[in-house]
$ cat start25.cif   # mmCIF, C-alpha atoms
data_my_file
loop_
_atom_site.label_atom_id
_atom_site.label_comp_id
_atom_site.auth_asym_id
_atom_site.auth_seq_id
_atom_site.Cartn_x
_atom_site.Cartn_y
_atom_site.Cartn_z
CA LYS Y 37 218.77 -105.45 3.24
CA ASP Y 38 215.93 -107.88 3.93
CA LEU Y 39 214.53 -107.32 0.43
CA ILE Y 40 217.86 -108.56 -0.95
CA THR Y 41 218.66 -111.46 1.39
CA ALA Y 42 215.33 -112.85 2.65
CA PRO Y 43 214.22 -116.10 0.92
CA ARG Y 44 210.56 -115.00 1.17
CA VAL Y 45 208.94 -111.57 1.23
CA VAL Y 46 205.49 -110.17 2.02
CA TRP Y 47 203.40 -109.29 -1.03
CA GLU Y 48 200.12 -107.46 -0.78
CA MET Y 49 197.66 -106.58 -3.53
CA LYS Y 50 195.48 -103.55 -2.98
CA ASN Y 51 192.55 -104.40 -0.68
CA LYS Y 52 193.76 -108.01 -0.44
CA GLN Y 53 195.24 -110.02 2.40
CA ALA Y 54 199.05 -110.01 2.47
CA ILE Y 55 200.77 -113.27 1.59
CA LYS Y 56 204.38 -114.48 1.53
CA ILE Y 57 206.01 -115.36 -1.77
CA ASN Y 58 209.44 -116.58 -2.84
CA ASN Y 59 211.91 -113.72 -3.17
CA CYS Y 60 213.21 -113.72 -6.74
CA MET Y 61 213.95 -110.01 -6.74
CA GLY Y 62 217.08 -108.22 -7.85
CA GLN Y 63 217.37 -104.48 -7.31
CA VAL Y 64 218.63 -101.94 -9.84
CA LYS Y 65 218.70 -98.28 -8.80
CA ASN Y 66 219.39 -95.24 -10.94
CA THR Y 67 220.33 -91.81 -9.61
CA ASN Y 68 222.05 -88.58 -10.56
CA GLU Y 69 223.39 -88.13 -7.02
CA THR Y 70 226.89 -89.46 -6.30
CA ASN Y 71 226.31 -89.91 -2.56
CA SER Y 72 222.80 -91.33 -2.74
CA ILE Y 73 223.67 -94.64 -1.06
CA CYS Y 74 225.76 -95.61 1.96
CA ILE Y 75 228.14 -98.47 1.19
CA GLU Y 76 229.46 -100.01 4.40
CA LEU Y 77 233.17 -100.89 4.50
CA THR Y 78 232.09 -104.53 4.98
CA ASP Y 79 229.62 -104.43 2.06
CA ARG Y 80 229.17 -107.70 0.14
CA ARG Y 81 226.17 -106.91 -2.06
CA ASN Y 82 226.45 -103.72 -4.09
CA ALA Y 83 228.00 -103.09 -7.47
CA ILE Y 84 228.16 -99.45 -8.63
CA PHE Y 85 228.52 -98.28 -12.23
CA GLU Y 86 228.77 -94.82 -13.76
CA CYS Y 87 226.75 -94.47 -16.93
CA ASN Y 88 228.37 -93.28 -20.13
CA SER Y 89 227.01 -89.90 -21.18
CA ASP Y 90 228.00 -90.11 -24.87
CA LYS Y 91 224.38 -90.64 -25.97
CA ARG Y 92 222.91 -87.93 -23.75
CA GLY Y 93 220.35 -85.91 -25.72
CA ASP Y 94 220.43 -88.35 -28.68
CA LYS Y 95 216.67 -88.82 -29.19
CA LYS Y 96 217.10 -90.97 -32.29
CA TYR Y 97 219.26 -93.47 -30.37
CA PHE Y 98 216.89 -93.72 -27.39
CA ASN Y 99 213.74 -93.91 -29.55
CA ASN Y 100 215.32 -96.82 -31.39
CA LEU Y 101 216.33 -98.43 -28.08
CA VAL Y 102 212.77 -98.19 -26.74
CA ASP Y 103 211.35 -99.62 -29.97
CA ASN Y 104 213.70 -102.58 -29.66
CA PHE Y 105 212.70 -103.27 -26.07
CA ASP Y 106 209.05 -103.13 -27.13
CA ASP Y 107 209.76 -105.74 -29.82
CA LYS Y 108 209.05 -109.14 -28.23
CA SER Y 109 211.48 -110.92 -30.56
CA VAL Y 110 214.33 -108.67 -29.40
CA SER Y 111 213.35 -109.09 -25.74
CA TYR Y 112 213.34 -112.84 -26.24
CA GLU Y 113 216.86 -112.82 -27.72
CA ILE Y 114 218.14 -110.86 -24.71
CA TYR Y 115 216.37 -113.29 -22.39
CA LYS Y 116 217.80 -116.30 -24.25
CA TYR Y 117 221.32 -114.85 -24.14
CA LEU Y 118 221.13 -114.32 -20.40
CA MET Y 119 219.61 -117.74 -19.70
CA GLU Y 120 222.32 -119.51 -21.72
CA ARG Y 121 225.16 -117.96 -19.74
CA ASP Y 122 226.91 -120.32 -17.30
CA ILE Y 123 226.88 -118.66 -13.88
CA SER Y 124 227.23 -121.85 -11.83
CA LYS Y 125 230.79 -121.01 -10.75
CA ARG Y 126 230.31 -117.31 -10.17
CA ASP Y 127 230.92 -115.98 -6.68
CA TRP Y 128 228.47 -113.09 -6.41
CA ILE Y 129 230.45 -111.52 -3.55
CA ASN Y 130 234.09 -111.85 -4.60
CA ASP Y 131 233.50 -111.67 -8.37
CA ARG Y 132 231.68 -108.35 -8.22
CA PRO Y 133 233.34 -105.56 -10.21
CA ILE Y 134 234.74 -103.04 -7.71
CA THR Y 135 234.67 -99.85 -9.72
CA HIS Y 136 236.28 -96.45 -9.30
CA LEU Y 137 232.89 -94.99 -8.32
CA TYR Y 138 232.22 -97.78 -5.81
CA LYS Y 139 235.42 -96.96 -3.89
CA GLU Y 140 234.69 -93.24 -4.07
CA ILE Y 141 231.23 -93.68 -2.51
CA GLN Y 142 232.46 -96.24 0.02
CA SER Y 143 235.18 -93.85 1.20
CA ASN Y 144 232.45 -91.55 2.53
CA MET Y 145 231.88 -94.06 5.33
CA ILE Y 146 235.25 -93.17 6.85
CA SER Y 147 234.62 -90.64 9.60
CA GLY Y 148 236.16 -87.20 9.75
CA SER Y 149 238.15 -88.10 12.86
CA ILE Y 150 239.75 -91.10 11.13
CA ARG Y 151 240.62 -88.97 8.08
CA PHE Y 152 242.08 -86.30 10.33
CA LEU Y 153 244.19 -88.70 12.43
CA TYR Y 154 245.44 -90.45 9.31
CA LYS Y 155 246.48 -87.16 7.73
CA GLU Y 156 248.20 -85.95 10.91
CA ALA Y 157 250.00 -89.26 11.48
CA HIS Y 158 251.04 -89.51 7.84
CA ALA Y 159 252.34 -85.94 7.86
CA GLY Y 160 254.52 -86.54 10.89
CA GLY Y 161 252.04 -85.80 13.63
CA ILE Y 162 250.94 -82.87 15.73
CA CYS Y 163 253.56 -80.92 17.64
CA LEU Y 164 254.32 -82.73 20.88
CA PHE Y 165 252.77 -80.91 23.80
CA ASN Y 166 252.39 -81.56 27.49
CA ASN Y 167 249.50 -79.55 28.92
CA ASP Y 168 250.77 -79.71 32.50
CA SER Y 169 254.30 -78.44 32.01
CA ASP Y 170 254.17 -76.72 28.60
CA GLU Y 171 257.24 -78.78 27.66
CA GLU Y 172 257.76 -81.01 24.67
CA THR Y 173 257.71 -84.68 25.43
CA THR Y 174 260.83 -86.67 24.62
CA GLU Y 175 259.10 -90.03 24.18
CA GLU Y 176 259.70 -91.19 20.61
CA ASP Y 177 256.77 -91.03 18.20
CA THR Y 178 254.23 -90.11 20.89
CA THR Y 179 251.87 -87.15 20.64
CA ILE Y 180 250.35 -85.62 23.77
CA ILE Y 181 247.76 -82.94 23.11
CA SER Y 182 244.85 -81.31 24.86
CA ALA Y 183 241.31 -82.01 23.62
CA SER Y 184 240.71 -78.33 22.82
CA GLU Y 185 243.94 -78.04 20.81
CA LEU Y 186 243.19 -81.24 18.90
CA PHE Y 187 239.77 -79.91 17.94
CA LYS Y 188 241.29 -76.63 16.74
CA LYS Y 189 243.64 -78.59 14.52
CA TYR Y 190 240.73 -80.65 13.21
CA GLU Y 191 238.83 -77.46 12.33
CA HIS Y 192 241.88 -76.11 10.51
CA TRP Y 193 242.34 -79.37 8.60
CA ALA Y 194 238.63 -79.54 7.66
CA LYS Y 195 238.69 -75.95 6.39
CA GLU Y 196 241.84 -76.51 4.33
CA ALA Y 197 240.43 -79.75 2.87
CA HIS Y 198 236.95 -78.25 2.20
CA TYR Y 199 235.60 -81.15 4.21
CA LYS Y 200 232.43 -81.34 6.29
CA ASP Y 201 231.15 -84.24 8.37
CA ASP Y 202 227.60 -83.59 9.61
CA LYS Y 203 228.26 -85.80 12.63
CA ILE Y 204 231.04 -83.50 13.85
CA ARG Y 205 229.46 -80.10 14.54
CA ASN Y 206 231.41 -78.93 17.62
CA SER Y 207 234.11 -79.92 20.11
CA THR Y 208 231.69 -82.20 22.00
CA SER Y 209 230.72 -84.28 18.96
CA PHE Y 210 234.37 -84.32 17.85
CA GLY Y 211 235.32 -85.67 21.29
CA ARG Y 212 232.72 -88.44 20.96
CA SER Y 213 234.09 -89.29 17.54
CA ILE Y 214 237.66 -89.54 18.87
CA MET Y 215 236.45 -91.72 21.76
CA ASN Y 216 234.82 -94.04 19.21
CA VAL Y 217 238.19 -94.35 17.48
CA ILE Y 218 239.90 -95.12 20.80
CA SER Y 219 237.26 -97.77 21.52
CA GLU Y 220 237.66 -99.27 18.05
CA ILE Y 221 241.44 -99.46 18.22
CA ASN Y 222 241.10 -100.87 21.76
CA ASN Y 223 244.83 -100.68 22.49
CA THR Y 224 246.10 -98.18 25.07
CA ASP Y 225 249.64 -98.64 23.76
CA ILE Y 226 248.50 -96.99 20.50
CA ILE Y 227 245.99 -94.34 21.61
CA THR Y 228 244.40 -93.41 24.93
CA HIS Y 229 243.19 -90.44 26.96
CA ASP Y 230 243.43 -89.04 30.46
CA ARG Y 231 241.82 -86.20 32.40
CA LYS Y 232 244.03 -83.70 34.20
CA SER Y 233 243.11 -80.66 36.25
CA SER Y 234 243.56 -78.54 33.12
CA GLY Y 235 241.31 -80.75 30.97
CA LYS Y 236 241.38 -83.89 28.84
CA LEU Y 237 244.60 -85.04 27.17
CA TYR Y 238 245.00 -87.49 24.29
CA TYR Y 239 248.07 -89.67 23.90
CA TYR Y 240 248.80 -91.52 20.68
CA LYS Y 241 251.70 -93.01 18.76
CA ARG Y 242 251.69 -91.58 15.26
CA THR Y 243 253.30 -94.54 13.50
CA GLU Y 244 251.03 -97.08 15.21
CA VAL Y 245 247.85 -95.08 14.48
CA TYR Y 246 248.91 -94.76 10.85
CA LYS Y 247 249.58 -98.51 10.59
CA TRP Y 248 246.23 -99.37 12.22
CA ILE Y 249 244.29 -97.20 9.76
CA CYS Y 250 246.19 -98.65 6.78
CA GLU Y 251 245.49 -102.20 7.96
CA LYS Y 252 241.81 -101.56 8.62
CA TYR Y 253 240.92 -99.70 5.43
CA ASP Y 254 241.54 -100.73 1.85
CA ASN Y 255 244.32 -98.66 0.27
CA GLY Y 256 242.12 -97.77 -2.69
CA ILE Y 257 239.54 -96.23 -0.34
CA LEU Y 258 242.20 -94.26 1.53
CA ILE Y 259 243.44 -92.84 -1.76
CA PHE Y 260 239.98 -91.37 -2.41
CA CYS Y 261 239.83 -89.90 1.10
CA PHE Y 262 243.01 -87.90 0.66
CA SER Y 263 243.19 -87.25 -3.08
CA GLY Y 264 240.70 -84.38 -2.99
CA ILE Y 265 238.00 -86.40 -4.80
CA THR Y 266 235.70 -86.81 -1.80
CA ASN Y 267 236.60 -83.78 0.27
CA THR Y 268 233.00 -82.56 0.02
CA ASN Y 269 229.96 -82.45 2.27
CA ILE Y 270 228.69 -85.88 3.22
CA HIS Y 271 225.41 -86.79 4.91
CA LEU Y 272 225.33 -90.18 6.64
#

$ encode --input "start25.cif" --output "structure tokens"
Amino acid sequence: KDLITAPRVVWEMKNKQAIKINNCMGQVKNTNETNSICIELTDRRNAIFECNSDKRGDKKYFNNLVDNFDDKSVSYEIYKYLMERDISKRDWINDRPITHLYKEIQSNMISGSIRFLYKEAHAGGICLFNNDSDEETTEEDTTIISASELFKKYEHWAKEAHYKDDKIRNSTSFGRSIMNVISEINNTDIITHDRKSSGKLYYYKRTEVYKWICEKYDNGILIFCFSGITNTNIHL
């Protein structure tokens, strides 16, 4: 991040003392890996493009392209075209193109627990269960479920969706992930937890959890999460 935003950067020639120079750098990265970069949900800097593969293997085309870039007159015309463009009114944050691939990669930042809770809430919720009395609760829209049962349902969902989150390896890490969600929502009227003699219980209102997730995350990103496009292994 500092290489992008800092007004000055450290520059060091081999066997020379490091000095600070004005930062005039722009970064362009190329990769064949879809999930090679983490794009935060609050990102304001990246623009992601998928290259067209029509010319793949066309040696004549690429040889001609290289020859043109080596031609100083051609390079100058490209330079002149770019320098003559009026960019004085461009907002480099809000005017960025938000592409299909950008949203796909950004959706990988949504944790497995959020995906799971969204899917359960959207589908009508987990069967209501009271761990102390084995009776269904009658409170409208509220799910009460034991921690162990919730994890079992998460495992089933992850298997069906062919989804793997490296941060959720067992019931303990899943519990931490759910607690992070509870902390983030920060509203006990929506989701909370309690410990009984039989173990930990989670309480949450399906409709309110669903609304919170929809309000927090862009709809386009949520579509990727649950359309099957990004139900693959992710490494954050």

$ atom_distance --input "start25.cif" --atom1 "CA of Asp177 in chain Y" --atom2 "CA of Lys241 in chain Y"
5.5 Å

$ resolve_selection --input "start25.cif" --expression "the PyMOL selection byres ((chain Y and resi 239) around 6)" --output "mmCIF file with C-alpha atoms, keeping the file's coordinate frame"
data_model
loop_
_atom_site.group_PDB
_atom_site.id
_atom_site.type_symbol
_atom_site.label_atom_id
_atom_site.label_comp_id
_atom_site.auth_asym_id
_atom_site.auth_seq_id
_atom_site.Cartn_x
_atom_site.Cartn_y
_atom_site.Cartn_z
ATOM 1 C CA THR Y 179 251.870 -87.150 20.640
ATOM 2 C CA ILE Y 180 250.350 -85.620 23.770
ATOM 3 C CA ILE Y 227 245.990 -94.340 21.610
ATOM 4 C CA THR Y 228 244.400 -93.410 24.930
ATOM 5 C CA HIS Y 229 243.190 -90.440 26.960
ATOM 6 C CA TYR Y 238 245.000 -87.490 24.290
ATOM 7 C CA TYR Y 240 248.800 -91.520 20.680
#

$ closest_residue --input "start25.cif" --among "Y:Lys195, Y:Lys189, Y:Arg205, Y:Lys139" --to "Thr70 in chain Y" --atoms "all atoms listed in the file"
Y:Lys139

$ residues_around --input "start25.cif" --residues "Asn82 in chain Y" --least-positions-apart "6" --cutoff "9 Å" --atoms "all atoms listed in the file" --output "count of residues only"
4

$ resolve_selection --input "start25.cif" --expression "the PyMOL selection byres ((chain Y and resi 46) around 8)" --output "list in words"
Arg44, Val45, Trp47, Glu48, Ala54, Ile55, Lys56 and Ile57 of chain Y

$ atom_distance --input "start25.cif" --atom1 "CA of Asp38 in chain Y" --atom2 "CA of Asn59 in chain Y"
10.0 Å

$ axis_aligned_box --input "start25.cif" --around "range 105-122 of chain Y" --padding-each-side "4 Å" --output "AutoDock Vina command-line options"
--center_x 218.0 --center_y -111.7 --center_z -23.9 --size_x 25.9 --size_y 25.2 --size_z 21.3

$ atom_distance --input "start25.cif" --atom1 "CA of Glu244 in chain Y" --atom2 "CA of Met145 in chain Y"
21.8 Å

$ closest_residue --input "start25.cif" --among "Y:His198, Y:Arg151, Y:Lys52, Y:Arg242" --to "Ser213 in chain Y" --atoms "only C-alpha atoms"
Y:Arg151

$ residues_around --input "start25.cif" --residues "Trp193 in chain Y" --least-positions-apart "5" --cutoff "9 Å" --atoms "only C-alpha atoms" --output "list in words"
Phe152, Lys155, Lys188, His198 and Tyr199 of chain Y

$ closest_residue --input "start25.cif" --among "Y:Thr178, Y:Ser233, Y:Ser149, Y:Ser184" --to "Arg212 in chain Y" --atoms "only C-alpha atoms"
Y:Ser149

$ closest_residue --input "start25.cif" --among "Y:Ser182, Y:Ser219, Y:Gln63, Y:Thr78" --to "Lys252 in chain Y" --atoms "all atoms listed in the file"
Y:Thr78

$ closest_residue --input "start25.cif" --among "Y:Ile218, Y:Ile181, Y:Asp131, Y:Ala157" --to "Lys232 in chain Y" --atoms "only C-alpha atoms"
Y:Ile181

$ resolve_selection --input "start25.cif" --expression "the PyMOL selection byres ((chain Y and resi 245) around 10)" --output "list in words"
Ile150, Leu153, Tyr154, Glu156, Ala157, His158, Ile221, Ile226, Ile227, Tyr240, Lys241, Arg242, Thr243, Glu244, Tyr246, Lys247, Trp248, Ile249, Cys250 and Glu251 of chain Y

$ write_last_selection --input "start25.cif" --atoms "C-alpha atoms" --output "tab-separated table (two decimals), in the frame of the given file"
chain	number	residue	atom	x	y	z
Y	150	ILE	CA	239.75	-91.10	11.13
Y	153	LEU	CA	244.19	-88.70	12.43
Y	154	TYR	CA	245.44	-90.45	9.31
Y	156	GLU	CA	248.20	-85.95	10.91
Y	157	ALA	CA	250.00	-89.26	11.48
Y	158	HIS	CA	251.04	-89.51	7.84
Y	221	ILE	CA	241.44	-99.46	18.22
Y	226	ILE	CA	248.50	-96.99	20.50
Y	227	ILE	CA	245.99	-94.34	21.61
Y	240	TYR	CA	248.80	-91.52	20.68
Y	241	LYS	CA	251.70	-93.01	18.76
Y	242	ARG	CA	251.69	-91.58	15.26
Y	243	THR	CA	253.30	-94.54	13.50
Y	244	GLU	CA	251.03	-97.08	15.21
Y	246	TYR	CA	248.91	-94.76	10.85
Y	247	LYS	CA	249.58	-98.51	10.59
Y	248	TRP	CA	246.23	-99.37	12.22
Y	249	ILE	CA	244.29	-97.20	9.76
Y	250	CYS	CA	246.19	-98.65	6.78
Y	251	GLU	CA	245.49	-102.20	7.96

$ closest_residue --input "start25.cif" --among "Y:Asn223, Y:Thr135, Y:Asn66, Y:Asn58" --to "Ala42 in chain Y" --atoms "only C-alpha atoms"
Y:Asn58

$ residues_around --input "start25.cif" --residues "Ile84 in chain Y" --least-positions-apart "3" --cutoff "9 Å" --atoms "all atoms listed in the file" --output "list of chain:residue names"
Y:Pro133, Y:Ile134, Y:Thr135, Y:His136, Y:Leu137, Y:Tyr138, Y:Ile141

$ build_atoms --input "start25.cif" --residues "range 118-130 of chain Y" --atoms "N, CA, C and O atoms" --output "mmCIF file, in the frame of the given file"
data_model
loop_
_atom_site.group_PDB
_atom_site.id
_atom_site.type_symbol
_atom_site.label_atom_id
_atom_site.label_comp_id
_atom_site.auth_asym_id
_atom_site.auth_seq_id
_atom_site.Cartn_x
_atom_site.Cartn_y
_atom_site.Cartn_z
ATOM 1 N N LEU Y 118 220.855 -114.303 -21.832
ATOM 2 C CA LEU Y 118 221.130 -114.320 -20.400
ATOM 3 C C LEU Y 118 220.932 -115.704 -19.804
ATOM 4 O O LEU Y 118 221.715 -116.142 -18.953
ATOM 5 N N MET Y 119 219.905 -116.419 -20.244
ATOM 6 C CA MET Y 119 219.610 -117.740 -19.700
ATOM 7 C C MET Y 119 220.661 -118.772 -20.102
ATOM 8 O O MET Y 119 220.865 -119.769 -19.405
ATOM 9 N N GLU Y 120 221.323 -118.556 -21.232
ATOM 10 C CA GLU Y 120 222.320 -119.510 -21.720
ATOM 11 C C GLU Y 120 223.701 -119.293 -21.098
ATOM 12 O O GLU Y 120 224.618 -120.093 -21.301
ATOM 13 N N ARG Y 121 223.871 -118.222 -20.373
ATOM 14 C CA ARG Y 121 225.160 -117.960 -19.740
ATOM 15 C C ARG Y 121 225.372 -118.899 -18.552
ATOM 16 O O ARG Y 121 224.461 -119.139 -17.761
ATOM 17 N N ASP Y 122 226.579 -119.422 -18.407
ATOM 18 C CA ASP Y 122 226.910 -120.320 -17.300
ATOM 19 C C ASP Y 122 227.370 -119.481 -16.102
ATOM 20 O O ASP Y 122 228.454 -118.890 -16.128
ATOM 21 N N ILE Y 123 226.535 -119.427 -15.076
ATOM 22 C CA ILE Y 123 226.880 -118.660 -13.880
ATOM 23 C C ILE Y 123 227.040 -119.572 -12.664
ATOM 24 O O ILE Y 123 227.062 -119.100 -11.531
ATOM 25 N N SER Y 124 227.178 -120.872 -12.916
ATOM 26 C CA SER Y 124 227.230 -121.850 -11.830
ATOM 27 C C SER Y 124 228.462 -121.677 -10.947
ATOM 28 O O SER Y 124 228.441 -122.021 -9.759
ATOM 29 N N LYS Y 125 229.549 -121.155 -11.517
ATOM 30 C CA LYS Y 125 230.790 -121.010 -10.750
ATOM 31 C C LYS Y 125 231.047 -119.578 -10.312
ATOM 32 O O LYS Y 125 232.118 -119.267 -9.786
ATOM 33 N N ARG Y 126 230.091 -118.719 -10.532
ATOM 34 C CA ARG Y 126 230.310 -117.310 -10.170
ATOM 35 C C ARG Y 126 230.091 -117.084 -8.680
ATOM 36 O O ARG Y 126 229.121 -117.548 -8.097
ATOM 37 N N ASP Y 127 231.037 -116.387 -8.081
ATOM 38 C CA ASP Y 127 230.920 -115.980 -6.680
ATOM 39 C C ASP Y 127 230.396 -114.547 -6.679
ATOM 40 O O ASP Y 127 231.103 -113.601 -7.021
ATOM 41 N N TRP Y 128 229.132 -114.380 -6.270
ATOM 42 C CA TRP Y 128 228.470 -113.090 -6.410
ATOM 43 C C TRP Y 128 228.978 -112.053 -5.410
ATOM 44 O O TRP Y 128 228.615 -110.877 -5.505
ATOM 45 N N ILE Y 129 229.830 -112.468 -4.480
ATOM 46 C CA ILE Y 129 230.450 -111.520 -3.550
ATOM 47 C C ILE Y 129 231.841 -111.127 -4.045
ATOM 48 O O ILE Y 129 232.146 -109.961 -4.268
ATOM 49 N N ASN Y 130 232.686 -112.125 -4.251
ATOM 50 C CA ASN Y 130 234.090 -111.850 -4.600
ATOM 51 C C ASN Y 130 234.300 -111.548 -6.074
ATOM 52 O O ASN Y 130 235.334 -110.985 -6.446
#
